[in-house]
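**Q** One structure is given below, represented as structure tokens, and several questions about it will come after.
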Amino acid sequence: MSKPLLNDPARRALTWAMLLAAIPAVFVAVLAATISPVFRTAHMGPIALGVIAYVWMLEAVYLACRPHWLDRLIGLPYLYVMHGVLGTLALLLAALHRMALPAYALVRLTGGISYTLLFLGVLLALVLMARPIAELVPPVARLRAWLARALNHETSVWLHRILLLAVVFAWVHFHLIFYIVHARPFIVMADAATLFVLVSYVLDRIGRRTRVWHGVVADCRPVAPGVAELAVRVERSASGSGPDWEEGDFTFIRFPKVRGMREYHPFSIINAPDDAASVDTASTDTADGDSDGKAVTVRFAIRADGDFTRRLPQVARVGERVDLLPPFGRYRRFLDEHDGDRPIVMYAGGIGITPLLPLAFSYGERRRRRIILMYSASDADGLLYRDELEAWRRRTGNTLILKAGRFSPDELRRAVTPDAVYLIAGPASMNRAVRRMLRGSGVRMADICYEPFAF
């Protein structure tokens with residue numbers, strides 16, 4: 001893979017600039033150029049607030065479609081953060097728009113419905129989905145825990161889809177305003193953007209049926225207290241094509257025939273594609289009841305910390321149907337975008353070892369990169385795949401440092417290596433501490449990769 005023109009921080013900054021400023025500015029400029037001079041003079045400020053709020057709502061819906069091309073550029077966790085920020089900022093601007101610009105009859109009704117739906121969607125997102133906020137604000141954490149008991153994950157996901165309804169009512173709202181409708185270039189552009197986002201949303205939902213990998217549970221076994229390893233056998237097509245992923249990727253899985261587990265949840269894949277040993281299924285039924293001759297195994301290590309994951313050992317019986325979405329992730333792309341002979345330093349905490357395992361095994365053994373892997377867990381039992389990691393260390397001569405309990409800042413700093421690149425995976429507090437240490441040690445942000453799982 002050729003080296004990109006922009007590094008990760010620059011790509012994220014450019015994406016923020018496009019979403020927050022550049023794209024909304026085009027809509028505002030077109031409206032300002034085509035709206036009646038009377039209304040441009042009297043109300044352009046509040047009108048612009050409403051336009052920007054609507055564009056941000058459209059962008060939030062589009063990001064909810066998890067565009068794969070954007071994931072590979074900046075990472076899906078960052079798209080989720082942008083999705084949440086755009087929705088929240090849209091709500092704030094919509095409130096200012098409503099206070100500054102009076103409306104009546106159907107215009108007021110449709111705008112009010114859209115605002116209420118947006119408010120409910122943002123509130124649910126902040127409480128149910130924003131894990132970093134809960135970690136920083138204890139009252140939010142308590143409210144989040146209470147709601148998690150009252151609402152299962154499937155219910156919360158459906159409630160978040162009210163953002164789409166908010167967009168629909170907002171679209172109706174501004175189509176009822178005569179001076180907006182008469183600004184024909186703006187209306188055409190707004191309708192085209194709305195149609196693009198709605199079609200993207202529909203295609204995403206269709207794609208979850210047509211592009212999904214269908215598999216069955218091959219095995220589910222405990223590997224540590226509260227952690228189960230799930231192995232899913234996924235069939236290849238008759239032509240030999242089939243599931244493919246990159247080391248460090250994660251995917252979304254669901255159990256389509258189990259009530260309460262039909263919504264997709266994200267988990268890291270712990271085996272590399274080269275290690276997904278093909279198995280002969282000529283005499284074995286596939287998930288769809290027929291046989292195509294070959295299958296691959298996709299493996300996950302899943303910690304029980306939610307309603308979905310706690311039910312996993314009881315639900316994941318051998319032969320149970322599993323659906324997987326095509327994978328996401330930036331770790332492998334990040335490494336390939338940097339020079340191929342640079343050392344790799346990995347910091348893992350707890351279940352965060354899962355995306356780094358295939359990267360360590362692949363880059364440290366097959367590609368012969370020098371690797372330092374520092375892995376900590378709350379106790380010795382939480383150090384997953386310890387025997388496999390020790391065997392990897394002996395085979396490759398790479399550095400493996402395991403610890404029950406947290407590494408001290410000095411211990412983390414000792415792994416800093418000249419000209420290295422750094423991968424971080426673990427709890428949010430550990431991610432922040434390691435990044436702070438690395439920045440204080442003079443490491444560039446462009447040489448650090450982490451995927452903050454906040455969903």
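Naming works like this for the structure tokens: A, B, ... for the chains as they're shown, residue 1 at the start of each chain, ligands 1 onward in shown order.
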May I have the residues within 10 Å of A:Pro222 as a ChimeraX atom specification, using only C-alpha atoms and disregarding those fewer than 5 positions away in the same chain?
**A** /A:227-230,301-303,313
**Q** Within 12 Å of A:Leu109, counting only C-alpha atoms, which residues show up once you throw out same-chain ones fewer than 5 positions away? Write them as a PyMOL selection string, please.
**A** chain A and resi 98+102-104+114-116+169-170+172-174+176
**Q** Would you mind exporting the chosen residues as a JSON list (two decimals), in the first residue's frame, restricted to all heavy atoms?
**A**
[["chain", "number", "residue", "atom", "x", "y", "z"],
["A", 98, "ARG", "N", -35.38, 27.95, 16.58],
["A", 98, "ARG", "CA", -36.78, 28.03, 17.02],
["A", 98, "ARG", "C", -37.03, 29.27, 17.87],
["A", 98, "ARG", "O", -38.09, 29.91, 17.77],
["A", 98, "ARG", "CB", -37.13, 26.77, 17.83],
["A", 98, "ARG", "CG", -37.37, 25.54, 16.99],
["A", 98, "ARG", "CD", -37.36, 24.28, 17.84],
["A", 98, "ARG", "NE", -38.30, 24.36, 18.95],
["A", 98, "ARG", "CZ", -39.59, 24.06, 18.86],
["A", 98, "ARG", "NH1", -40.11, 23.68, 17.70],
["A", 98, "ARG", "NH2", -40.38, 24.15, 19.91],
["A", 102, "PRO", "N", -40.04, 32.93, 14.59],
["A", 102, "PRO", "CA", -41.38, 32.42, 14.88],
["A", 102, "PRO", "C", -41.95, 31.63, 13.71],
["A", 102, "PRO", "O", -41.60, 31.87, 12.55],
["A", 102, "PRO", "CB", -42.19, 33.69, 15.14],
["A", 102, "PRO", "CG", -41.47, 34.76, 14.38],
["A", 102, "PRO", "CD", -40.02, 34.40, 14.44],
["A", 103, "ALA", "N", -42.84, 30.68, 14.02],
["A", 103, "ALA", "CA", -43.50, 29.88, 12.99],
["A", 103, "ALA", "C", -44.93, 29.61, 13.44],
["A", 103, "ALA", "O", -45.27, 29.69, 14.64],
["A", 103, "ALA", "CB", -42.75, 28.58, 12.77],
["A", 104, "TYR", "N", -45.79, 29.26, 12.48],
["A", 104, "TYR", "CA", -47.21, 29.11, 12.78],
["A", 104, "TYR", "C", -47.77, 27.91, 12.02],
["A", 104, "TYR", "O", -47.19, 27.43, 11.04],
["A", 104, "TYR", "CB", -48.00, 30.38, 12.40],
["A", 104, "TYR", "CG", -47.42, 31.63, 13.03],
["A", 104, "TYR", "CD1", -46.52, 32.42, 12.32],
["A", 104, "TYR", "CD2", -47.74, 31.99, 14.33],
["A", 104, "TYR", "CE1", -45.98, 33.56, 12.88],
["A", 104, "TYR", "CE2", -47.19, 33.13, 14.91],
["A", 104, "TYR", "CZ", -46.31, 33.91, 14.18],
["A", 104, "TYR", "OH", -45.76, 35.03, 14.75],
["A", 114, "SER", "N", -40.08, 17.57, 14.57],
["A", 114, "SER", "CA", -38.70, 17.25, 14.24],
["A", 114, "SER", "C", -37.77, 17.56, 15.41],
["A", 114, "SER", "O", -36.89, 16.75, 15.75],
["A", 114, "SER", "CB", -38.27, 18.05, 13.00],
["A", 114, "SER", "OG", -36.91, 17.82, 12.71],
["A", 115, "TYR", "N", -37.96, 18.69, 16.05],
["A", 115, "TYR", "CA", -37.10, 19.08, 17.17],
["A", 115, "TYR", "C", -37.25, 18.10, 18.33],
["A", 115, "TYR", "O", -36.26, 17.69, 18.95],
["A", 115, "TYR", "CB", -37.46, 20.49, 17.62],
["A", 115, "TYR", "CG", -36.65, 20.97, 18.80],
["A", 115, "TYR", "CD1", -35.35, 21.43, 18.65],
["A", 115, "TYR", "CD2", -37.19, 20.94, 20.10],
["A", 115, "TYR", "CE1", -34.60, 21.86, 19.74],
["A", 115, "TYR", "CE2", -36.45, 21.36, 21.19],
["A", 115, "TYR", "CZ", -35.16, 21.82, 21.00],
["A", 115, "TYR", "OH", -34.44, 22.23, 22.09],
["A", 116, "THR", "N", -38.48, 17.70, 18.62],
["A", 116, "THR", "CA", -38.72, 16.77, 19.73],
["A", 116, "THR", "C", -38.07, 15.42, 19.45],
["A", 116, "THR", "O", -37.44, 14.82, 20.34],
["A", 116, "THR", "CB", -40.23, 16.59, 19.96],
["A", 116, "THR", "OG1", -40.82, 17.86, 20.25],
["A", 116, "THR", "CG2", -40.50, 15.64, 21.12],
["A", 169, "PHE", "N", -39.38, 14.96, 9.07],
["A", 169, "PHE", "CA", -40.25, 16.07, 9.50],
["A", 169, "PHE", "C", -39.58, 17.42, 9.25],
["A", 169, "PHE", "O", -40.26, 18.40, 8.93],
["A", 169, "PHE", "CB", -40.64, 15.91, 10.96],
["A", 169, "PHE", "CG", -41.81, 15.00, 11.18],
["A", 169, "PHE", "CD1", -41.62, 13.67, 11.54],
["A", 169, "PHE", "CD2", -43.10, 15.46, 10.99],
["A", 169, "PHE", "CE1", -42.70, 12.82, 11.73],
["A", 169, "PHE", "CE2", -44.19, 14.62, 11.18],
["A", 169, "PHE", "CZ", -43.99, 13.29, 11.54],
["A", 170, "ALA", "N", -38.26, 17.49, 9.41],
["A", 170, "ALA", "CA", -37.56, 18.74, 9.11],
["A", 170, "ALA", "C", -37.65, 19.07, 7.62],
["A", 170, "ALA", "O", -37.81, 20.23, 7.22],
["A", 170, "ALA", "CB", -36.09, 18.64, 9.54],
["A", 172, "VAL", "N", -40.12, 18.18, 5.58],
["A", 172, "VAL", "CA", -41.49, 18.68, 5.37],
["A", 172, "VAL", "C", -41.61, 20.11, 5.88],
["A", 172, "VAL", "O", -42.24, 20.97, 5.25],
["A", 172, "VAL", "CB", -42.51, 17.76, 6.06],
["A", 172, "VAL", "CG1", -43.92, 18.36, 5.97],
["A", 172, "VAL", "CG2", -42.48, 16.36, 5.46],
["A", 173, "HIS", "N", -40.98, 20.38, 7.01],
["A", 173, "HIS", "CA", -41.05, 21.69, 7.65],
["A", 173, "HIS", "C", -40.57, 22.80, 6.70],
["A", 173, "HIS", "O", -41.29, 23.77, 6.47],
["A", 173, "HIS", "CB", -40.19, 21.66, 8.92],
["A", 173, "HIS", "CG", -39.92, 23.00, 9.53],
["A", 173, "HIS", "ND1", -40.88, 23.73, 10.19],
["A", 173, "HIS", "CD2", -38.78, 23.76, 9.57],
["A", 173, "HIS", "CE1", -40.35, 24.86, 10.62],
["A", 173, "HIS", "NE2", -39.08, 24.91, 10.25],
["A", 174, "PHE", "N", -39.39, 22.66, 6.12],
["A", 174, "PHE", "CA", -38.92, 23.77, 5.30],
["A", 174, "PHE", "C", -39.58, 23.79, 3.92],
["A", 174, "PHE", "O", -39.56, 24.80, 3.23],
["A", 174, "PHE", "CB", -37.39, 23.84, 5.22],
["A", 174, "PHE", "CG", -36.69, 22.75, 4.47],
["A", 174, "PHE", "CD1", -36.70, 22.71, 3.08],
["A", 174, "PHE", "CD2", -35.96, 21.78, 5.14],
["A", 174, "PHE", "CE1", -36.02, 21.74, 2.38],
["A", 174, "PHE", "CE2", -35.28, 20.79, 4.44],
["A", 174, "PHE", "CZ", -35.31, 20.77, 3.06],
["A", 176, "LEU", "N", -42.72, 23.67, 3.64],
["A", 176, "LEU", "CA", -43.96, 24.42, 3.89],
["A", 176, "LEU", "C", -43.73, 25.92, 4.00],
["A", 176, "LEU", "O", -44.68, 26.68, 4.13],
["A", 176, "LEU", "CB", -44.62, 23.91, 5.18],
["A", 176, "LEU", "CG", -45.15, 22.47, 5.15],
["A", 176, "LEU", "CD1", -45.62, 22.06, 6.54],
["A", 176, "LEU", "CD2", -46.27, 22.32, 4.13]]
**Q** I'd like the neighbourhood of A:Ala25 as a list in words, where a residue qualifies if any of its atoms comes within 8 Å (using only C-alpha atoms), though same-chain residues fewer than 4 positions away should be ignored.
**A**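 Near neighbours after the sequence-gap exclusion: Ala21, Ala29 and Ile52 of chain A.
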**Q** What does the file look like for those residues with C-alpha atoms, as an mmCIF file, in the first residue's frame?
**A**
data_model
loop_
_atom_site.group_PDB
_atom_site.id
_atom_site.type_symbol
_atom_site.label_atom_id
_atom_site.label_comp_id
_atom_site.auth_asym_id
_atom_site.auth_seq_id
_atom_site.Cartn_x
_atom_site.Cartn_y
_atom_site.Cartn_z
ATOM 1 C CA ALA A 21 -18.077 23.930 8.083
ATOM 2 C CA ALA A 29 -24.344 30.356 0.490
ATOM 3 C CA ILE A 52 -26.863 24.198 9.201
#
**Q** At a cut-off of 6 Å, using only C-alpha atoms, what residues contact A:Tyr264? Leave out same-chain residues fewer than 6 positions from it and give the result as a list in words.
**A** Phe252, Ile253 and Arg254 of chain A
**Q** For A:Ala360, which residue out of A:Arg393, A:Arg342, A:Arg221, A:His265 is the nearest one, using only C-alpha atoms?
**A**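 Closest to A:Ala360 of all the choices is A:Arg393.
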**Q** When you count only C-alpha atoms, which of these residues is closest to A:Gly405: A:Val223, A:Ala304, A:Met430, A:Ala60?
**A**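 Smallest distance to A:Gly405 is found for A:Met430.
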**Q** At what distance in Å, to one decimal, does atom CA of A:Met261 lie from atom CA of A:Asp305?
**A**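 These two atoms are separated by 14.5 Å.
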**Q** Considering only C-alpha atoms, state which residue in the set A:Val345, A:Leu6, A:Val168, A:Val122 is at the smallest distance from A:Tyr54.
**A**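 Smallest separation from A:Tyr54 among the options: A:Val168.
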**Q** Of the candidates A:Leu423, A:Ile206, A:Val416, A:Val298, which one gets nearest to A:Val443 if we count only C-alpha atoms?
**A**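 Residue with the minimum atom-to-atom distance to A:Val443: A:Val416.
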**Q** Determine which residues of stretch 242-352 of chain A receive a DSSP assignment of helix (DSSP H, G or I), computed from the backbone, and state them as number ranges by chain.
**A** A: 273-275, 307-310, 312-315, 331-337, 350-352
**Q** Skip A:Gly50 itself and residues of its chain fewer than 5 positions away, then list as a VMD selection string all residues within 12 Å of it, counting only C-alpha atoms.
**A** chain A and resid 24 27 to 28 31 43 to 45 55 to 57 89 to 101 111 114 to 115 170 to 171 173 to 174 180
**Q** Next, dump the selected residues to file, keeping only C-alpha atoms, as an mmCIF file, in the first residue's frame.
**A**
data_model
loop_
_atom_site.group_PDB
_atom_site.id
_atom_site.type_symbol
_atom_site.label_atom_id
_atom_site.label_comp_id
_atom_site.auth_asym_id
_atom_site.auth_seq_id
_atom_site.Cartn_x
_atom_site.Cartn_y
_atom_site.Cartn_z
ATOM 1 C CA PRO A 24 -23.041 23.451 5.492
ATOM 2 C CA PHE A 27 -25.963 25.217 1.491
ATOM 3 C CA VAL A 28 -26.088 28.535 3.342
ATOM 4 C CA LEU A 31 -29.754 29.917 -0.032
ATOM 5 C CA HIS A 43 -34.082 36.731 9.000
ATOM 6 C CA MET A 44 -30.987 35.291 7.324
ATOM 7 C CA GLY A 45 -29.182 34.625 10.612
ATOM 8 C CA VAL A 55 -27.299 19.575 7.062
ATOM 9 C CA TRP A 56 -25.724 18.266 10.255
ATOM 10 C CA MET A 57 -28.737 15.982 10.750
ATOM 11 C CA LEU A 89 -24.785 20.354 17.663
ATOM 12 C CA ALA A 90 -27.784 20.106 15.322
ATOM 13 C CA LEU A 91 -30.053 20.055 18.367
ATOM 14 C CA LEU A 92 -28.409 23.177 19.808
ATOM 15 C CA LEU A 93 -28.693 25.112 16.547
ATOM 16 C CA ALA A 94 -32.277 23.935 16.069
ATOM 17 C CA ALA A 95 -33.131 25.319 19.531
ATOM 18 C CA LEU A 96 -31.614 28.704 18.657
ATOM 19 C CA HIS A 97 -33.423 28.659 15.309
ATOM 20 C CA ARG A 98 -36.782 28.032 17.019
ATOM 21 C CA MET A 99 -36.239 30.794 19.561
ATOM 22 C CA ALA A 100 -35.174 33.389 16.991
ATOM 23 C CA LEU A 101 -37.630 32.689 14.172
ATOM 24 C CA GLY A 111 -40.712 21.853 13.066
ATOM 25 C CA SER A 114 -38.700 17.255 14.235
ATOM 26 C CA TYR A 115 -37.101 19.083 17.169
ATOM 27 C CA ALA A 170 -37.556 18.745 9.106
ATOM 28 C CA TRP A 171 -37.710 18.241 5.319
ATOM 29 C CA HIS A 173 -41.045 21.691 7.649
ATOM 30 C CA PHE A 174 -38.922 23.774 5.298
ATOM 31 C CA ILE A 180 -37.630 28.769 1.112
#
